[in-house]
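Colleague: Could you have a look at this structure, given as structure tokens, before my questions?
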Amino acid sequence: MNQARKFFDIDDRLTELAARTEQEIRPAFERIESNAFQNQQKVLAAFIHNGVGESCFTSSTGYGYGDVGRDKLERVFADAMECEDALLRHNFMCGTHALTVALFGVLRPGDKMLCVTGMPYDTIQSVIGISQQAAGGSLKDFGIAFEKVDLLPDGSVDIPSSLKRLREDPSVKMVYIQRSRGYSLRPSLTVEQIEEICKAVREVKPEAIIMVDNCYGEFVQLTEPCVHGADLMAGSLIKNPGGGIASTGGYIAGRSDLVELCSYRLSTPGTGREVGCTLGHSREMYMGLFSAPHVVGEALKTAVFCAGLFSRLGYDVTPQPDEARADIIQSVLLQNPASLIAFCQGIQSGSPVDSMALPEPWDMPGYDNKIIMASGSFTLGSSIELSADAPLREPYAVWMQGGLNYAAGKTGILIAAQRMLEKGQIKALASSLSE
């Protein structure tokens, strides 16, 4: 019996295809589970080594002076990321905010930021000052220049051209790497590829600050970018490292001197990290970090299942189901606006929160195209929870990520496929079953 029909009206053919898909992707699941086990050990060791206790969860107010739990959490996080130091605060409003604080923290008027991974993510373009959405206060307004090196046709980093720019331009202070693909179809970067970039940069300009936008990449592999030569990295706690429990926040981690500079931008020069009350957020941030390796593994399994199912349905997907992964994002090229909208509406209707909502494309601040977003999450905008979003532009690809547990994630993907089937957007179901 199709158990899905007990709760959801999912076509028997889709559930049969899902069963065949799971048989094929079992080796990928085993790799994911092995990584999650090792990352969980690393995080557990960081908690034990730093002596986390009940007193660490106490709330502070006002200035937050002497908040032992806050300071210890940052040491735990630095150990888990295997770097010198970290800022981990609920004061970071999103990943873009954490990245912005890092950029303004270490760059000064007359400096140049060289992005070697092509055009950065849409919201960072406003921070730099190169987007149509850019407003006052961008890096450009402060005399900080920006340049990018386009990716090669296969989506890889053009290291020779990047090194050429470093040799020619002494004003380049920062080499910026975006690990995840953003709203593009280029491959996300593994830590091994980041290490190759870092080594090449060090040979030409050893004093350059190498910064990584690490959003969506935490705990996907066994190590993080700072282990492989990056000086600084930043991300969001409502993505991977918050484990679906942290309700807000972000982090900056890396070299201690650079983290210190960033703390002056987060608060004020002179007070830095010494201020910042926790307002009761400490417990959820500790719990989120502790849960993160397992939750990331569940999100990765959801992504692999999505890739396997939709490739069987005749769609191009990236990464492929058996491909090595550097982040939790799965892209599916849905070919037309109707399929894209139906997929996102299906994800929304299969969510635990706001399942009754109907996502529609709209003009969203920080983006130059209409965006459709599906996210029925316990934390607003959380993308470690099952979500899907895309700009309405060719090739009408959707970027799906998250899934707090695989069972719910798999169900959400099936409901999205069912929605597309009902809208007449899936044509290859019968042939997929006959293969």
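Residues in the structure tokens are named by chain (A, B, ... in the order shown) and by number from 1 within that chain; ligands are numbered from 1 in the order shown.
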For region 214-218 of chain A, find every residue with an atom within 10 Å (counting only C-alpha atoms), except residues of its own chain fewer than 4 positions away, and show them as a VMD selection string.
Modeller: chain A and resid 81 95 to 96 99 177 to 182 188 to 191 222 to 225 232 to 242 250 252 292 to 293 296 325 to 329 383 to 384 401 to 402
Colleague: Those residues you just picked out, can you put them in a file as an mmCIF file, in the first residue's frame with C-alpha atoms?
Modeller:
data_model
loop_
_atom_site.group_PDB
_atom_site.id
_atom_site.type_symbol
_atom_site.label_atom_id
_atom_site.label_comp_id
_atom_site.auth_asym_id
_atom_site.auth_seq_id
_atom_site.Cartn_x
_atom_site.Cartn_y
_atom_site.Cartn_z
ATOM 1 C CA MET A 81 35.610 25.335 12.974
ATOM 2 C CA GLY A 95 24.384 36.041 6.766
ATOM 3 C CA THR A 96 24.701 39.172 4.640
ATOM 4 C CA LEU A 99 29.621 39.268 5.799
ATOM 5 C CA ILE A 177 35.681 33.619 -2.325
ATOM 6 C CA GLN A 178 32.011 32.688 -2.396
ATOM 7 C CA ARG A 179 31.869 29.013 -1.565
ATOM 8 C CA SER A 180 28.262 28.374 -2.535
ATOM 9 C CA ARG A 181 26.806 28.849 -5.995
ATOM 10 C CA GLY A 182 24.257 31.512 -5.083
ATOM 11 C CA SER A 188 30.037 25.117 -5.275
ATOM 12 C CA LEU A 189 33.612 25.025 -4.019
ATOM 13 C CA THR A 190 34.977 22.196 -1.916
ATOM 14 C CA VAL A 191 37.497 23.001 0.794
ATOM 15 C CA LEU A 222 35.057 17.255 7.434
ATOM 16 C CA THR A 223 36.944 20.557 7.592
ATOM 17 C CA GLU A 224 36.230 24.257 7.025
ATOM 18 C CA PRO A 225 37.944 26.880 4.835
ATOM 19 C CA LEU A 232 38.342 34.807 7.553
ATOM 20 C CA MET A 233 34.920 33.295 6.944
ATOM 21 C CA ALA A 234 31.375 34.229 7.828
ATOM 22 C CA GLY A 235 27.887 32.773 7.744
ATOM 23 C CA SER A 236 24.397 32.642 9.226
ATOM 24 C CA LEU A 237 23.013 30.721 12.194
ATOM 25 C CA ILE A 238 19.666 30.183 10.474
ATOM 26 C CA LYS A 239 21.583 28.120 7.953
ATOM 27 C CA ASN A 240 23.830 25.156 8.751
ATOM 28 C CA PRO A 241 25.580 25.995 12.046
ATOM 29 C CA GLY A 242 22.390 26.924 13.919
ATOM 30 C CA GLY A 250 25.539 34.706 12.549
ATOM 31 C CA ILE A 252 32.652 35.528 11.784
ATOM 32 C CA ALA A 292 24.223 21.099 13.440
ATOM 33 C CA PRO A 293 26.290 18.145 12.120
ATOM 34 C CA VAL A 296 23.248 19.177 7.972
ATOM 35 C CA ARG A 325 28.970 18.099 -2.308
ATOM 36 C CA ALA A 326 30.337 21.331 -0.891
ATOM 37 C CA ASP A 327 27.061 22.804 0.388
ATOM 38 C CA ILE A 328 23.449 21.825 1.092
ATOM 39 C CA ILE A 329 21.981 23.441 -2.040
ATOM 40 C CA SER A 383 17.195 27.798 5.023
ATOM 41 C CA ILE A 384 18.448 24.838 7.046
ATOM 42 C CA GLN A 401 17.967 23.511 0.484
ATOM 43 C CA GLY A 402 17.430 22.294 3.998
#
Colleague: List every residue of region 85-229 of chain A that DSSP, applied to the backbone, labels as helix (DSSP H, G or I), and write the result as a VMD selection string.
Modeller: chain A and resid 95 to 106 122 to 128 140 to 142 159 to 168 191 to 204 225 to 228
Colleague: For the structure I just gave you, how does DSSP split region 188-390 of chain A - specifically, which residues are strand (DSSP E or B)? Reply as a VMD selection string.
Modeller: chain A and resid 209 to 213 232 to 236 250 to 254 316 to 318 330 to 333 362 to 363 370 to 374 387 to 390
Colleague: Go ahead and dump the residues you just picked, C-alpha atoms, as a PDB file, in the first residue's frame.
Modeller:
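Once everything was written out, this is part35.pdb:
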ATOM      1  CA  ILE A 209      43.398  38.696   3.350  1.00  0.00           C
ATOM      2  CA  ILE A 210      41.521  35.696   1.986  1.00  0.00           C
ATOM      3  CA  MET A 211      37.874  35.747   3.007  1.00  0.00           C
ATOM      4  CA  VAL A 212      35.265  33.075   2.349  1.00  0.00           C
ATOM      5  CA  ASP A 213      31.501  33.468   2.280  1.00  0.00           C
ATOM      6  CA  LEU A 232      38.342  34.807   7.553  1.00  0.00           C
ATOM      7  CA  MET A 233      34.920  33.295   6.944  1.00  0.00           C
ATOM      8  CA  ALA A 234      31.375  34.229   7.828  1.00  0.00           C
ATOM      9  CA  GLY A 235      27.887  32.773   7.744  1.00  0.00           C
ATOM     10  CA  SER A 236      24.397  32.642   9.226  1.00  0.00           C
ATOM     11  CA  GLY A 250      25.539  34.706  12.549  1.00  0.00           C
ATOM     12  CA  TYR A 251      29.267  34.287  12.894  1.00  0.00           C
ATOM     13  CA  ILE A 252      32.652  35.528  11.784  1.00  0.00           C
ATOM     14  CA  ALA A 253      35.596  33.194  12.353  1.00  0.00           C
ATOM     15  CA  GLY A 254      39.270  33.008  11.473  1.00  0.00           C
ATOM     16  CA  ASP A 316      18.825  18.463 -15.352  1.00  0.00           C
ATOM     17  CA  VAL A 317      20.069  18.712 -11.767  1.00  0.00           C
ATOM     18  CA  THR A 318      23.228  20.035 -10.175  1.00  0.00           C
ATOM     19  CA  GLN A 330      20.349  21.441  -4.809  1.00  0.00           C
ATOM     20  CA  SER A 331      19.506  23.059  -8.137  1.00  0.00           C
ATOM     21  CA  VAL A 332      16.866  21.697 -10.500  1.00  0.00           C
ATOM     22  CA  LEU A 333      16.414  23.216 -13.964  1.00  0.00           C
ATOM     23  CA  TRP A 362       7.526  39.382  -6.006  1.00  0.00           C
ATOM     24  CA  ASP A 363      10.008  42.256  -5.921  1.00  0.00           C
ATOM     25  CA  LYS A 370      11.250  38.961  -9.087  1.00  0.00           C
ATOM     26  CA  ILE A 371      11.871  36.205  -6.533  1.00  0.00           C
ATOM     27  CA  ILE A 372       9.671  33.308  -5.473  1.00  0.00           C
ATOM     28  CA  MET A 373      10.415  31.834  -2.075  1.00  0.00           C
ATOM     29  CA  ALA A 374       8.899  28.828  -0.317  1.00  0.00           C
ATOM     30  CA  SER A 387      12.933  25.751   1.546  1.00  0.00           C
ATOM     31  CA  ALA A 388      13.149  26.605  -2.126  1.00  0.00           C
ATOM     32  CA  ASP A 389      13.658  29.875  -3.919  1.00  0.00           C
ATOM     33  CA  ALA A 390      14.552  31.252  -7.311  1.00  0.00           C
TER      34      ALA A 390
END
Colleague: Just checking: using only C-alpha atoms, which residue out of A:Gly297, A:Gly143, A:Pro153, A:Pro359 ends up closest to Glu33 (chain A)?
Modeller: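 For Glu33 (chain A), the nearest of the given residues is A:Gly297.
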Colleague: Select from region 347-405 of chain A every residue with an atom at most 12 Å from any atom of region 108-125 of chain A, then for each give the shortest pair of atoms and their distance in Å to one decimal, using only C-alpha atoms, rows by chain and rising number, as JSON lines.
Modeller:
{"residue": "A:Met364", "atom": "CA", "partner": "A:Thr123", "partner_atom": "CA", "distance": 10.4}
{"residue": "A:Pro365", "atom": "CA", "partner": "A:Thr123", "partner_atom": "CA", "distance": 8.5}
{"residue": "A:Gly366", "atom": "CA", "partner": "A:Thr123", "partner_atom": "CA", "distance": 5.0}
{"residue": "A:Tyr367", "atom": "CA", "partner": "A:Asp122", "partner_atom": "CA", "distance": 5.8}
{"residue": "A:Asp368", "atom": "CA", "partner": "A:Asp122", "partner_atom": "CA", "distance": 7.8}
{"residue": "A:Asn369", "atom": "CA", "partner": "A:Asp122", "partner_atom": "CA", "distance": 9.8}
{"residue": "A:Ile371", "atom": "CA", "partner": "A:Asp122", "partner_atom": "CA", "distance": 11.4}
{"residue": "A:Ala390", "atom": "CA", "partner": "A:Asp122", "partner_atom": "CA", "distance": 11.7}
{"residue": "A:Pro391", "atom": "CA", "partner": "A:Asp122", "partner_atom": "CA", "distance": 10.5}
Colleague: Could you list, as a PDB file with C-alpha atoms, in the first residue's frame, every residue within 12 Å of Gly137 (chain A), counting only C-alpha atoms and ignoring same-chain residues fewer than 6 positions away?
Modeller:
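Heads up, here's the output in part-v9.pdb:
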ATOM      1  CA  THR A 100      29.119  43.040   5.768  1.00  0.00           C
ATOM      2  CA  PHE A 104      33.848  46.783   6.755  1.00  0.00           C
ATOM      3  CA  SER A 126      24.268  46.071  -2.640  1.00  0.00           C
ATOM      4  CA  VAL A 127      26.866  46.025   0.136  1.00  0.00           C
ATOM      5  CA  ILE A 128      29.655  46.471  -2.400  1.00  0.00           C
ATOM      6  CA  GLY A 129      27.745  49.212  -4.208  1.00  0.00           C
ATOM      7  CA  GLY A 143      36.213  54.495  -1.254  1.00  0.00           C
ATOM      8  CA  ILE A 144      36.668  50.730  -1.235  1.00  0.00           C
TER       9      ILE A 144
END
Colleague: Could you give me, as a ChimeraX atom specification, the residues within 10 Å of region 67-79 of chain A, counting only C-alpha atoms and dropping anything in the same chain fewer than 2 positions from it?
Modeller: /A:42-61,63-65,81-89,241,251-254,273-278,281-283,285-286,289-290
Colleague: What does the distance from CA of Gly62 (chain A) to CA of Leu258 (chain A) come to in Å, to one decimal?
Modeller: 25.9 Å
Colleague: As a VMD selection string, please: the residues near Ile32 (chain A) (cut-off 8 Å, only C-alpha atoms, same-chain neighbours under 3 positions excluded).
Modeller: chain A and resid 28 to 29 35 to 36 297 300 to 301
Colleague: Under the rule that only C-alpha atoms are counted, which of A:Gly105, A:Ala397, A:Val149, A:Glu203 is the nearest residue to Pro269 (chain A)?
Modeller: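 Counting only C-alpha atoms, the residue closest to Pro269 (chain A) is A:Gly105.
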Colleague: For Cys344 (chain A), work out the shell of residues within 12 Å, counting only C-alpha atoms and skipping chain neighbours fewer than 3 positions away, then give it as a PyMOL selection string.
Modeller: chain A and resi 332+334+337-341+347-351+355+357-361+371-376+386-392+396-401+412-420
Colleague: Applying 10 Å and only C-alpha atoms, which residues near Ile197 (chain A) remain after dropping the ones on its own chain fewer than 5 positions away? List them as a PDB file with C-alpha atoms, in the first residue's frame.
Modeller:
ATOM      1  CA  VAL A 116      37.692  35.411  -7.736  1.00  0.00           C
ATOM      2  CA  VAL A 157      37.880  29.575 -10.649  1.00  0.00           C
ATOM      3  CA  ASP A 158      40.220  31.167 -13.174  1.00  0.00           C
ATOM      4  CA  ILE A 159      43.329  31.065 -10.974  1.00  0.00           C
ATOM      5  CA  SER A 162      43.193  36.028 -10.596  1.00  0.00           C
ATOM      6  CA  LEU A 163      46.926  35.905  -9.964  1.00  0.00           C
ATOM      7  CA  VAL A 175      40.660  38.052  -2.113  1.00  0.00           C
ATOM      8  CA  ILE A 177      35.681  33.619  -2.325  1.00  0.00           C
ATOM      9  CA  VAL A 191      37.497  23.001   0.794  1.00  0.00           C
ATOM     10  CA  GLU A 192      40.131  21.293  -1.357  1.00  0.00           C
ATOM     11  CA  ARG A 202      49.948  33.143  -1.012  1.00  0.00           C
ATOM     12  CA  ILE A 210      41.521  35.696   1.986  1.00  0.00           C
ATOM     13  CA  HIS A 228      42.767  25.195   4.195  1.00  0.00           C
ATOM     14  CA  GLY A 229      44.319  28.655   4.145  1.00  0.00           C
ATOM     15  CA  ALA A 230      41.468  31.165   4.432  1.00  0.00           C
TER      16      ALA A 230
END
